[in-house]
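File shown here: query-v6.txt, holding compact mmCIF, C-alpha atoms (C1' of nucleotides).
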```
# COMPACT_ATOMS: atom_id res chain seq x y z
CA MET A 150 -9.18 -9.66 -30.62
CA PRO A 151 -11.52 -11.74 -28.52
CA ASP A 152 -11.77 -14.51 -31.08
CA ARG A 153 -12.98 -17.94 -30.19
CA ARG A 154 -9.58 -19.12 -29.08
CA SER A 155 -8.81 -16.36 -26.60
CA ARG A 156 -12.33 -16.49 -25.21
CA ARG A 157 -11.93 -20.14 -24.38
CA ARG A 158 -8.63 -19.33 -22.84
CA GLN A 159 -10.17 -16.67 -20.62
CA ASP A 160 -12.87 -19.11 -19.60
CA THR A 161 -10.27 -21.61 -18.46
CA ILE A 162 -8.40 -18.99 -16.46
CA GLU A 163 -11.69 -17.95 -14.95
CA GLU A 164 -12.45 -21.49 -13.94
CA ALA A 165 -8.99 -21.97 -12.49
CA LEU A 166 -9.44 -18.90 -10.31
CA HIS A 167 -12.82 -20.13 -9.23
CA HIS A 168 -11.33 -23.41 -8.04
CA GLY A 169 -8.46 -21.56 -6.43
CA VAL A 170 -10.90 -19.51 -4.40
CA GLN A 171 -12.68 -22.70 -3.40
CA VAL A 172 -9.47 -24.29 -2.18
CA ILE A 173 -8.35 -21.38 -0.03
CA THR A 174 -11.87 -20.93 1.29
CA GLU A 175 -12.08 -24.54 2.34
CA GLN A 176 -8.57 -25.13 3.59
CA GLY A 177 -6.98 -21.77 4.19
CA VAL A 178 -4.78 -19.60 2.07
CA GLY A 179 -1.69 -21.69 2.75
CA ALA A 180 -3.19 -24.82 1.24
CA LEU A 181 -3.23 -23.69 -2.38
CA THR A 182 -1.26 -25.81 -4.85
CA ILE A 183 -1.05 -25.93 -8.60
CA SER A 184 -1.78 -29.63 -8.47
CA GLU A 185 -5.01 -29.26 -6.55
CA VAL A 186 -6.36 -26.60 -8.87
CA ALA A 187 -5.40 -28.70 -11.88
CA ARG A 188 -7.08 -31.70 -10.29
CA ARG A 189 -10.32 -29.79 -9.85
CA LEU A 190 -10.09 -28.55 -13.40
CA GLY A 191 -9.79 -32.12 -14.58
CA MET A 192 -6.33 -31.35 -15.92
CA ARG A 193 -2.81 -32.45 -15.23
CA ALA A 194 -0.65 -30.02 -13.36
CA PRO A 195 1.72 -29.23 -16.26
CA SER A 196 -1.17 -27.99 -18.36
CA LEU A 197 -1.91 -25.19 -15.94
CA TYR A 198 1.49 -23.72 -16.67
CA LYS A 199 0.15 -22.66 -20.04
CA TYR A 200 -2.18 -20.27 -18.18
CA PHE A 201 0.05 -19.33 -15.27
CA PRO A 202 3.55 -19.62 -16.69
CA SER A 203 5.27 -18.60 -13.49
CA GLY A 204 3.32 -21.17 -11.56
CA LEU A 205 2.02 -20.87 -8.07
CA HIS A 206 3.02 -17.28 -7.51
CA ALA A 207 1.16 -16.16 -10.61
CA LEU A 208 -1.89 -17.98 -9.34
CA TYR A 209 -1.67 -16.24 -5.98
CA ASP A 210 -1.18 -12.94 -7.73
CA ALA A 211 -4.25 -13.43 -9.88
CA LEU A 212 -6.26 -14.44 -6.82
CA PHE A 213 -5.06 -11.35 -5.00
CA ALA A 214 -6.30 -9.19 -7.84
CA ARG A 215 -9.54 -11.11 -7.96
CA GLY A 216 -9.98 -10.63 -4.23
CA MET A 217 -9.62 -6.89 -4.53
CA GLU A 218 -12.09 -6.73 -7.37
CA GLU A 219 -14.63 -8.75 -5.45
CA ALA A 220 -14.16 -6.79 -2.26
CA LYS A 221 -14.58 -3.57 -4.15
CA ALA A 222 -17.71 -4.81 -5.89
CA ALA A 223 -19.22 -6.06 -2.63
CA THR A 224 -18.53 -2.74 -0.96
CA GLU A 225 -20.09 -0.85 -3.84
CA ARG A 226 -23.20 -2.98 -3.63
CA ALA A 227 -23.36 -2.26 0.09
CA VAL A 228 -23.37 1.50 -0.41
CA ALA A 229 -25.49 1.61 -3.55
CA GLY A 230 -27.94 4.47 -3.46
CA LEU A 231 -26.54 6.10 -0.35
CA ALA A 232 -25.45 9.72 -0.52
CA PRO A 233 -21.89 10.56 0.50
CA GLY A 234 -21.63 10.93 4.24
CA ALA A 235 -21.27 9.07 7.48
CA ALA A 236 -24.05 6.59 6.79
CA ARG A 237 -22.51 5.63 3.49
CA LEU A 238 -19.10 5.22 5.06
CA ARG A 239 -20.53 3.03 7.77
CA ALA A 240 -22.27 0.89 5.19
CA ALA A 241 -19.00 0.55 3.32
CA GLY A 242 -17.24 -0.66 6.46
CA ARG A 243 -20.00 -3.12 7.28
CA GLY A 244 -20.09 -4.36 3.72
CA TYR A 245 -16.36 -4.86 3.61
CA VAL A 246 -16.22 -6.83 6.85
CA ARG A 247 -19.21 -8.89 5.77
CA TRP A 248 -17.54 -9.71 2.49
CA ALA A 249 -14.35 -10.71 4.30
CA VAL A 250 -15.94 -13.22 6.65
CA GLU A 251 -17.97 -14.64 3.79
CA ASN A 252 -14.80 -14.99 1.69
CA PRO A 253 -12.20 -15.85 4.27
CA GLY A 254 -9.69 -17.30 1.85
CA LEU A 255 -9.44 -14.16 -0.24
CA ALA A 256 -9.61 -11.98 2.85
CA GLN A 257 -6.67 -13.80 4.38
CA LEU A 258 -4.74 -13.34 1.19
CA LEU A 259 -5.47 -9.61 1.14
CA HIS A 260 -5.03 -8.80 4.81
CA TRP A 261 -2.63 -11.31 6.31
CA ARG A 262 0.86 -12.03 5.10
CA ALA A 263 0.31 -15.71 5.50
CA VAL A 264 1.93 -17.16 2.39
CA PRO A 265 5.68 -17.52 3.07
CA GLY A 266 7.28 -16.54 -0.21
CA PHE A 267 4.53 -14.52 -1.81
CA GLU A 268 4.03 -10.84 -2.19
CA PRO A 269 1.76 -9.16 -4.72
CA SER A 270 3.29 -7.93 -7.95
CA PRO A 271 3.64 -4.20 -8.58
CA GLY A 272 0.68 -4.19 -10.93
CA VAL A 273 -1.54 -5.72 -8.31
CA MET A 274 -0.21 -3.39 -5.64
CA ALA A 275 -1.31 -0.52 -7.85
CA LEU A 276 -4.85 -1.87 -7.65
CA SER A 277 -4.47 -1.91 -3.91
CA HIS A 278 -3.46 1.73 -3.83
CA ALA A 279 -6.43 2.55 -6.00
CA GLY A 280 -8.64 0.94 -3.40
CA GLN A 281 -7.10 3.07 -0.69
CA GLN A 282 -7.71 6.13 -2.81
CA LEU A 283 -11.36 5.15 -3.02
CA LEU A 284 -11.58 5.18 0.76
CA ALA A 285 -9.88 8.56 0.89
CA ASP A 286 -12.41 9.89 -1.62
CA GLU A 287 -15.30 8.61 0.46
CA LEU A 288 -13.87 10.27 3.52
CA GLN A 289 -13.37 13.55 1.72
CA ALA A 290 -16.92 13.45 0.41
CA ALA A 291 -18.22 12.91 3.93
CA VAL A 292 -16.12 15.80 5.15
CA ASP A 293 -17.49 17.98 2.37
CA ALA A 294 -21.00 16.92 3.34
CA GLY A 295 -20.30 18.27 6.81
CA GLU A 296 -20.66 14.90 8.48
CA LEU A 297 -17.04 14.31 9.35
CA ARG A 298 -14.43 16.59 10.83
CA ALA A 299 -11.71 17.73 8.46
CA GLU A 300 -9.11 15.49 10.14
CA ALA A 301 -11.07 12.43 9.05
CA ASN A 302 -9.09 12.38 5.84
CA ASP A 303 -5.73 12.50 7.55
CA GLU A 304 -3.44 9.50 7.40
CA GLU A 305 -4.00 8.76 11.06
CA ALA A 306 -7.76 8.67 10.65
CA ILE A 307 -7.55 6.43 7.61
CA ASP A 308 -5.10 4.06 9.23
CA THR A 309 -7.25 3.91 12.34
CA TRP A 310 -10.24 3.03 10.20
CA THR A 311 -8.34 0.16 8.60
CA VAL A 312 -7.13 -1.01 12.02
CA LEU A 313 -10.72 -1.33 13.19
CA LEU A 314 -11.83 -3.24 10.11
CA SER A 315 -8.77 -5.45 10.19
CA GLY A 316 -9.31 -6.27 13.85
CA LEU A 317 -12.95 -7.19 13.30
CA MET A 318 -12.16 -9.44 10.33
CA THR A 319 -9.11 -11.02 11.90
CA GLN A 320 -10.66 -11.83 15.24
CA GLN A 321 -13.70 -13.32 13.58
CA MET A 322 -11.79 -15.38 11.03
CA ALA A 323 -9.27 -16.64 13.58
CA ASN A 324 -11.54 -17.41 16.49
CA GLU A 325 -14.91 -18.27 15.06
CA PRO A 326 -14.46 -19.10 11.41
CA GLY A 327 -17.58 -19.82 9.47
CA ALA A 328 -19.93 -17.84 11.68
CA PRO A 329 -22.32 -15.62 9.71
CA PHE A 330 -21.68 -11.90 9.84
CA ASP A 331 -24.82 -11.15 11.81
CA GLU A 332 -24.09 -13.78 14.43
CA GLY A 333 -20.32 -13.71 14.75
CA ARG A 334 -19.07 -12.83 18.19
CA PHE A 335 -16.80 -10.17 16.70
CA THR A 336 -18.59 -9.14 13.53
CA ARG A 337 -21.65 -8.37 15.66
CA LEU A 338 -19.52 -5.59 17.14
CA THR A 339 -18.99 -3.92 13.78
CA ASP A 340 -21.39 -1.08 14.46
CA PRO A 341 -20.29 -0.32 18.01
CA VAL A 342 -16.64 -0.51 16.97
CA LEU A 343 -17.19 1.86 14.05
CA ASP A 344 -19.03 4.12 16.50
CA LEU A 345 -15.72 4.56 18.30
CA TRP A 346 -14.29 6.00 15.12
CA PHE A 347 -17.29 8.20 14.38
CA GLU A 348 -17.27 9.56 17.91
CA ARG A 349 -13.84 10.91 17.24
CA TYR A 350 -14.09 11.94 13.61
CA GLY A 351 -17.78 12.65 13.14
CA THR A 352 -19.50 16.00 13.55
CA HIS A 353 -22.12 15.91 16.24
CA MET B 259 12.57 -36.64 38.97
CA PRO B 260 14.74 -34.15 37.15
CA ASP B 261 17.71 -36.46 36.92
CA ARG B 262 20.47 -35.90 34.46
CA ARG B 263 18.71 -37.69 31.67
CA SER B 264 15.44 -35.77 31.75
CA ARG B 265 17.26 -32.49 32.17
CA ARG B 266 19.18 -33.09 28.97
CA ARG B 267 15.95 -34.03 27.32
CA GLN B 268 14.33 -30.78 28.40
CA ASP B 269 17.31 -28.86 27.10
CA THR B 270 16.94 -30.44 23.68
CA ILE B 271 13.23 -29.64 23.56
CA GLU B 272 14.05 -26.12 24.61
CA GLU B 273 16.57 -25.79 21.83
CA ALA B 274 14.15 -27.21 19.29
CA LEU B 275 11.55 -24.63 20.26
CA HIS B 276 14.13 -21.90 20.02
CA HIS B 277 14.97 -22.89 16.47
CA GLY B 278 11.28 -23.23 15.66
CA VAL B 279 10.69 -19.67 16.78
CA GLN B 280 13.61 -18.56 14.64
CA VAL B 281 12.19 -20.26 11.57
CA ILE B 282 8.70 -18.79 11.84
CA THR B 283 10.13 -15.39 12.69
CA GLU B 284 12.32 -15.40 9.62
CA GLN B 285 10.03 -17.05 7.10
CA GLY B 286 6.52 -16.88 8.46
CA VAL B 287 4.45 -19.30 10.42
CA GLY B 288 3.65 -21.40 7.37
CA ALA B 289 7.28 -22.22 6.71
CA LEU B 290 7.91 -24.43 9.72
CA THR B 291 9.01 -28.00 9.01
CA ILE B 292 10.36 -30.79 11.16
CA SER B 293 13.27 -31.14 8.79
CA GLU B 294 14.36 -27.53 9.09
CA VAL B 295 14.29 -27.58 12.87
CA ALA B 296 16.22 -30.84 12.88
CA ARG B 297 18.72 -29.35 10.48
CA ARG B 298 19.33 -26.39 12.77
CA LEU B 299 19.66 -28.71 15.71
CA GLY B 300 22.33 -30.62 13.83
CA MET B 301 20.11 -33.66 13.85
CA ARG B 302 18.35 -35.83 11.34
CA ALA B 303 14.65 -35.39 11.05
CA PRO B 304 13.70 -38.80 12.45
CA SER B 305 15.46 -38.03 15.70
CA LEU B 306 13.13 -35.17 16.43
CA TYR B 307 10.23 -37.58 16.59
CA LYS B 308 11.58 -38.78 19.92
CA TYR B 309 10.77 -35.35 21.31
CA PHE B 310 7.65 -34.57 19.32
CA PRO B 311 6.15 -37.99 18.63
CA SER B 312 3.18 -36.68 16.71
CA GLY B 313 5.46 -34.63 14.52
CA LEU B 314 4.79 -31.23 13.10
CA HIS B 315 1.50 -30.65 14.89
CA ALA B 316 3.08 -31.32 18.27
CA LEU B 317 5.78 -28.81 17.41
CA TYR B 318 3.20 -26.19 16.48
CA ASP B 319 1.32 -26.94 19.66
CA ALA B 320 4.40 -26.50 21.80
CA LEU B 321 5.21 -23.26 20.01
CA PHE B 322 1.68 -22.03 20.58
CA ALA B 323 2.07 -22.67 24.30
CA ARG B 324 5.46 -21.03 24.26
CA GLY B 325 4.03 -18.02 22.51
CA MET B 326 1.40 -17.56 25.15
CA GLU B 327 3.93 -17.84 27.93
CA GLU B 328 6.19 -15.27 26.32
CA ALA B 329 3.37 -12.89 25.56
CA LYS B 330 2.17 -13.13 29.13
CA ALA B 331 5.66 -12.55 30.50
CA ALA B 332 6.22 -9.57 28.22
CA THR B 333 2.92 -8.05 29.25
CA GLU B 334 3.71 -8.54 32.91
CA ARG B 335 7.05 -6.84 32.49
CA ALA B 336 5.27 -3.95 30.78
CA VAL B 337 2.94 -3.38 33.71
CA ALA B 338 5.39 -4.12 36.51
CA GLY B 339 4.98 -1.70 39.37
CA LEU B 340 1.81 -0.08 38.10
CA ALA B 341 -1.24 -0.09 40.30
CA PRO B 342 -4.46 -1.54 38.92
CA GLY B 343 -6.27 1.00 36.79
CA ALA B 344 -6.49 2.56 33.39
CA ALA B 345 -2.78 3.35 33.12
CA ARG B 346 -1.86 -0.23 33.89
CA LEU B 347 -4.35 -1.53 31.35
CA ARG B 348 -2.99 0.78 28.71
CA ALA B 349 0.54 -0.36 29.46
CA ALA B 350 -0.60 -3.95 29.10
CA GLY B 351 -2.08 -3.24 25.70
CA ARG B 352 1.00 -1.41 24.54
CA GLY B 353 3.25 -4.14 25.87
CA TYR B 354 1.25 -6.83 24.17
CA VAL B 355 1.28 -5.15 20.77
CA ARG B 356 4.96 -4.40 21.13
CA TRP B 357 5.71 -8.01 21.92
CA ALA B 358 3.66 -9.13 18.92
CA VAL B 359 5.48 -7.03 16.34
CA GLU B 360 8.80 -8.02 17.85
CA ASN B 361 7.83 -11.69 17.70
CA PRO B 362 5.78 -11.85 14.52
CA GLY B 363 6.09 -15.58 14.05
CA LEU B 364 4.60 -16.45 17.40
CA ALA B 365 2.07 -13.65 17.11
CA GLN B 366 0.85 -14.99 13.78
CA LEU B 367 0.52 -18.42 15.31
CA LEU B 368 -1.53 -17.05 18.21
CA HIS B 369 -3.73 -14.58 16.38
CA TRP B 370 -4.12 -15.76 12.81
CA ARG B 371 -5.39 -19.14 11.73
CA ALA B 372 -2.71 -19.38 9.13
CA VAL B 373 -1.60 -23.00 9.39
CA PRO B 374 -3.96 -25.13 7.30
CA GLY B 375 -4.43 -28.26 9.35
CA PHE B 376 -3.46 -27.02 12.79
CA GLU B 377 -5.48 -26.06 15.78
CA PRO B 378 -4.23 -25.89 19.34
CA SER B 379 -4.80 -28.89 21.58
CA PRO B 380 -7.32 -28.65 24.44
CA GLY B 381 -4.57 -28.30 26.99
CA VAL B 382 -3.10 -25.34 25.18
CA MET B 383 -6.52 -23.81 24.68
CA ALA B 384 -6.94 -23.92 28.45
CA LEU B 385 -3.85 -21.72 28.73
CA SER B 386 -5.48 -19.37 26.28
CA HIS B 387 -8.59 -19.11 28.39
CA ALA B 388 -6.43 -18.44 31.42
CA GLY B 389 -4.92 -15.52 29.54
CA GLN B 390 -8.35 -14.13 28.80
CA GLN B 391 -9.23 -14.46 32.47
CA LEU B 392 -6.18 -12.40 33.29
CA LEU B 393 -7.48 -9.61 31.09
CA ALA B 394 -10.88 -9.83 32.73
CA ASP B 395 -9.23 -9.55 36.15
CA GLU B 396 -7.31 -6.47 35.06
CA LEU B 397 -10.49 -4.88 33.83
CA GLN B 398 -12.34 -5.68 37.02
CA ALA B 399 -9.53 -4.24 39.09
CA ALA B 400 -9.66 -1.04 37.07
CA VAL B 401 -13.41 -0.90 37.55
CA ASP B 402 -12.96 -1.38 41.27
CA ALA B 403 -10.39 1.39 41.28
CA GLY B 404 -13.04 3.67 39.85
CA GLU B 405 -11.17 4.27 36.62
CA LEU B 406 -13.40 2.29 34.30
CA ARG B 407 -17.14 2.13 33.99
CA ALA B 408 -18.75 -1.09 35.20
CA GLU B 409 -19.53 -2.21 31.64
CA ALA B 410 -15.81 -2.39 30.91
CA ASN B 411 -15.81 -5.98 32.07
CA ASP B 412 -18.69 -7.04 29.84
CA GLU B 413 -18.06 -9.41 26.99
CA GLU B 414 -18.58 -6.66 24.44
CA ALA B 415 -15.97 -4.44 26.05
CA ILE B 416 -13.45 -7.24 26.28
CA ASP B 417 -14.01 -8.33 22.70
CA THR B 418 -13.73 -4.75 21.53
CA TRP B 419 -10.42 -4.45 23.34
CA THR B 420 -9.10 -7.54 21.58
CA VAL B 421 -10.36 -6.25 18.24
CA LEU B 422 -8.31 -3.09 18.67
CA LEU B 423 -5.15 -4.96 19.63
CA SER B 424 -5.63 -7.51 16.87
CA GLY B 425 -6.13 -4.78 14.29
CA LEU B 426 -2.99 -2.95 15.34
CA MET B 427 -0.86 -6.08 15.28
CA THR B 428 -2.31 -7.42 12.07
CA GLN B 429 -2.04 -4.25 10.06
CA GLN B 430 1.51 -3.72 11.19
CA MET B 431 2.65 -7.29 10.57
CA ALA B 432 0.94 -7.52 7.20
CA ASN B 433 1.82 -4.14 5.74
CA GLU B 434 5.06 -3.08 7.30
CA PRO B 435 6.73 -6.15 8.76
CA GLY B 436 9.92 -5.56 10.63
CA ALA B 437 9.24 -1.96 11.56
CA PRO B 438 10.01 -1.18 15.21
CA PHE B 439 7.04 -0.62 17.49
CA ASP B 440 7.77 3.05 18.00
CA GLU B 441 8.11 3.75 14.30
CA GLY B 442 5.55 1.46 12.72
CA ARG B 443 2.86 3.24 10.75
CA PHE B 444 0.19 1.31 12.66
CA THR B 445 1.82 0.55 15.99
CA ARG B 446 2.42 4.27 16.40
CA LEU B 447 -1.34 4.56 16.62
CA THR B 448 -1.54 2.26 19.62
CA ASP B 449 -2.19 5.05 22.10
CA PRO B 450 -4.75 6.97 20.06
CA VAL B 451 -6.53 3.73 19.18
CA LEU B 452 -6.67 2.64 22.80
CA ASP B 453 -7.96 6.14 23.59
CA LEU B 454 -11.04 5.27 21.55
CA TRP B 455 -11.72 2.44 23.96
CA PHE B 456 -11.02 4.49 27.07
CA GLU B 457 -13.26 7.25 25.85
CA ARG B 458 -16.13 4.81 25.93
CA TYR B 459 -15.26 2.71 28.93
CA GLY B 460 -13.24 5.04 31.12
CA THR B 461 -14.57 7.29 33.84
CA HIS B 462 -13.79 10.90 33.18
C1' DG C 79 18.86 -41.29 21.79
C1' DT C 80 20.67 -41.04 17.45
C1' DC C 81 21.42 -42.86 13.38
C1' DT C 82 20.60 -45.01 8.44
C1' DA C 83 17.48 -46.59 5.47
C1' DT C 84 13.30 -46.56 3.58
C1' DA C 85 8.49 -45.92 2.11
C1' DC C 86 5.55 -42.85 0.69
C1' DC C 87 3.63 -38.86 -0.73
C1' DG C 88 3.53 -34.45 -2.45
C1' DT C 89 5.15 -30.44 -4.70
C1' DG C 90 7.02 -27.21 -8.64
C1' DA C 91 8.60 -27.09 -12.90
C1' DT C 92 10.37 -28.40 -17.72
C1' DA C 93 10.87 -31.12 -22.21
C1' DG C 94 8.87 -32.91 -25.84
C1' DA C 95 5.30 -36.03 -28.24
C1' DC C 96 0.77 -35.66 -30.03
C1' DG D 169 -3.47 -26.95 -25.60
C1' DT D 170 -3.08 -31.11 -23.41
C1' DC D 171 -0.76 -34.83 -22.51
C1' DT D 172 3.08 -38.24 -20.67
C1' DA D 173 7.30 -38.51 -18.79
C1' DT D 174 10.59 -36.90 -16.00
C1' DC D 175 13.50 -34.31 -12.93
C1' DA D 176 14.72 -32.50 -8.62
C1' DC D 177 13.50 -31.78 -4.44
C1' DG D 178 11.07 -31.44 -0.31
C1' DG D 179 8.29 -33.18 3.20
C1' DT D 180 6.24 -36.75 7.08
C1' DA D 181 6.75 -40.64 9.23
C1' DT D 182 8.24 -45.44 10.60
C1' DA D 183 11.43 -49.58 11.25
C1' DG D 184 15.25 -51.19 13.03
C1' DA D 185 20.49 -51.24 13.73
C1' DC D 186 23.75 -49.37 16.86
```
Could I get this structure in the form of structure tokens?
Amino acid sequence: MPDRRSRRRQDTIEEALHHGVQVITEQGVGALTISEVARRLGMRAPSLYKYFPSGLHALYDALFARGMEEAKAATERAVAGLAPGAARLRAAGRGYVRWAVENPGLAQLLHWRAVPGFEPSPGVMALSHAGQQLLADELQAAVDAGELRAEANDEEAIDTWTVLLSGLMTQQMANEPGAPFDEGRFTRLTDPVLDLWFERYGTH
Amino acid sequence: MPDRRSRRRQDTIEEALHHGVQVITEQGVGALTISEVARRLGMRAPSLYKYFPSGLHALYDALFARGMEEAKAATERAVAGLAPGAARLRAAGRGYVRWAVENPGLAQLLHWRAVPGFEPSPGVMALSHAGQQLLADELQAAVDAGELRAEANDEEAIDTWTVLLSGLMTQQMANEPGAPFDEGRFTRLTDPVLDLWFERYGTH
DNA sequence: GTCTATACCGTGATAGAC
DNA sequence: GTCTATCACGGTATAGAC
């Protein structure tokens, strides 16, 4: 199946996504256009329609999927080697927020609804649900390890966790874009903010 | 000064802002155009340049200012009659988040950096700082009333407060837009989330 | 203050030659 | 698979008549 032709094709798609990420990172998620990506690819706009037949929305959709993959990979790197438990969960939260501020374009696409007509396709939404399941699994593992109270895997606890991460990312990206994670006025608060959650849901 | 001519002029500006709010509420903050506002005003686009000479950016700027005024007014209504203290602060937080999800267009403009080229003018930023000072005053008053610990007026406490509000608004607007404050999956968590803050910074 | 007219640019998207 | 050509449409913004 992956003969020479389809490999080249995948490479082109890959490169298009790379340039797409560049554009939204530099200019914000609302600044993406087919033309600009084609320009950076050294192509004419119509040619890109061979790779993204439904145009701009397909490009956004692919970037959304790419964003989730990258966020997941970054989070996994951040927790590598840690045993299930509170410390691992904390590392996951830190890693996720760090990834977001270092990839603001993709993070905006994932966490803000900032592109007027766009919403992710069902297939991509399924990926998103899988990501949420991953968080639920981490929480359950920490509960099983005796480091979190049983309620930590309730919907309210999970949603609260996402509210904290979302607030950290959003405030940093909106008010002090470009600041490194360790120096950002808001991202510096990641640990104390997560402490608020652990004080409620951790076992002490 | 406010002769007949300038009053009519103010009315037109007022109406333009009204339609601008409508547009971003309906279609998101990225969907605002001079043409659309002119259309709704029953005007041609060029005419609007008499009121917003620098075009779209001036319109965004005016909407930003309007958003801050409305948010401030809504918050003040929410705390009317309450004495300085923790209860008043909580009501302010609730009122602010409620206003945001009921006015998502303006809230996006204020709290996300979702419009590619735009940033608020210095004059409007001054308004923003005034709003932050208001929060600091509330916190200090609650400290003086003996209901918050002294650290509650530190930068870290203030920033943490804004992180919580931002997370609540953002998660609700991005994941469940249109849901009423009292029913939203995330806005329902406003009280328990603010509890996290009061558990750290309140006196018990 | 509003209009028409215009210049200019950009976009998304499709058809069809090569 | 890429291109040129083209369509249709939208936008911002300015000049100048009324």
Q: Can you pull out every residue within 12 Å of Arg324 in chain B, counting all atoms listed in the file, but drop anything in the same chain fewer than 3 positions away, and send it as a list in words?
A: Ile271, Glu272, Ala274, Leu275, His276, Gly278, Val279, Leu317, Tyr318, Asp319, Ala320, Leu321, Glu327, Glu328, Ala329, Lys330, Ala331, Asn361, Gly363, Leu364, Ala365, Leu367, Leu368, Pro378, Val382, Leu385 and Ser386 of chain B
Find the residues in chain A near chain B: any atom within 7 Å counts, using all atoms listed in the file. Write them as a tab-separated table (two decimals) with C-alpha atoms, in the coordinates of the input.
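What ended up in selection_14.tsv:
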```tsv
chain	number	residue	atom	x	y	z
A	176	GLN	CA	-8.57	-25.13	3.59
A	177	GLY	CA	-6.98	-21.77	4.19
A	179	GLY	CA	-1.69	-21.69	2.75
A	180	ALA	CA	-3.19	-24.82	1.24
A	260	HIS	CA	-5.03	-8.80	4.81
A	261	TRP	CA	-2.63	-11.31	6.31
A	262	ARG	CA	0.86	-12.03	5.10
A	263	ALA	CA	0.31	-15.71	5.50
A	264	VAL	CA	1.93	-17.16	2.39
A	265	PRO	CA	5.68	-17.52	3.07
A	308	ASP	CA	-5.10	4.06	9.23
A	309	THR	CA	-7.25	3.91	12.34
A	312	VAL	CA	-7.13	-1.01	12.02
A	313	LEU	CA	-10.72	-1.33	13.19
A	315	SER	CA	-8.77	-5.45	10.19
A	316	GLY	CA	-9.31	-6.27	13.85
A	317	LEU	CA	-12.95	-7.19	13.30
A	319	THR	CA	-9.11	-11.02	11.90
A	320	GLN	CA	-10.66	-11.83	15.24
A	323	ALA	CA	-9.27	-16.64	13.58
A	335	PHE	CA	-16.80	-10.17	16.70
A	342	VAL	CA	-16.64	-0.51	16.97
A	345	LEU	CA	-15.72	4.56	18.30
```
Where is the centre and how long are the edges: axis-aligned box on range 324-339 of chain A, 6 Å on each side, Å to one decimal, as lines of an AutoDock Vina configuration file:
```
center_x = -18.2
center_y = -11.9
center_z = 13.8
size_x = 25.3
size_y = 27.9
size_z = 20.7
```
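Using all atoms listed in the file, the part of chain B that sits within 12 Å of chain D is made up of B:Ala289, B:Leu290, B:Thr291, B:Ile292, B:Ser293, B:Glu294, B:Ala303, B:Pro304, B:Ser305, B:Leu306, B:Tyr307, B:Lys308, B:Phe310, B:Pro311, B:Ser312, B:Gly313, B:Leu314, B:His315.
Here CA of Ala345 in chain B and CA of Tyr350 in chain A stand 24.1 Å from one another.
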Q.
So the first atom is CA of Leu397 in chain B and the second is CA of Ala410 in chain B; what is the distance between them in Å, to one decimal place?
A. 6.6 Å
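The interatomic distance for the pair CA of Thr174 in chain A and CA of Arg189 in chain A works out to 14.3 Å.
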Q) Can you tell me, as JSON, numbers by chain, what residues are no more than 8 Å from Pro233 in chain A when counting all atoms listed in the file, ignoring any on the same chain fewer than 6 positions away? A) {"A": [287, 290, 291, 294]}
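Every chain C residue lying within 8 Å of chain B, based on only C-alpha atoms (C1' of nucleotides), is listed here: DG79, DT80 and DC81 of chain C.
If all atoms listed in the file are the atoms counted, then among B:Ala349, B:Ala388, B:Val281, B:Ala344 the closest residue to Val401 in chain B is B:Ala344.
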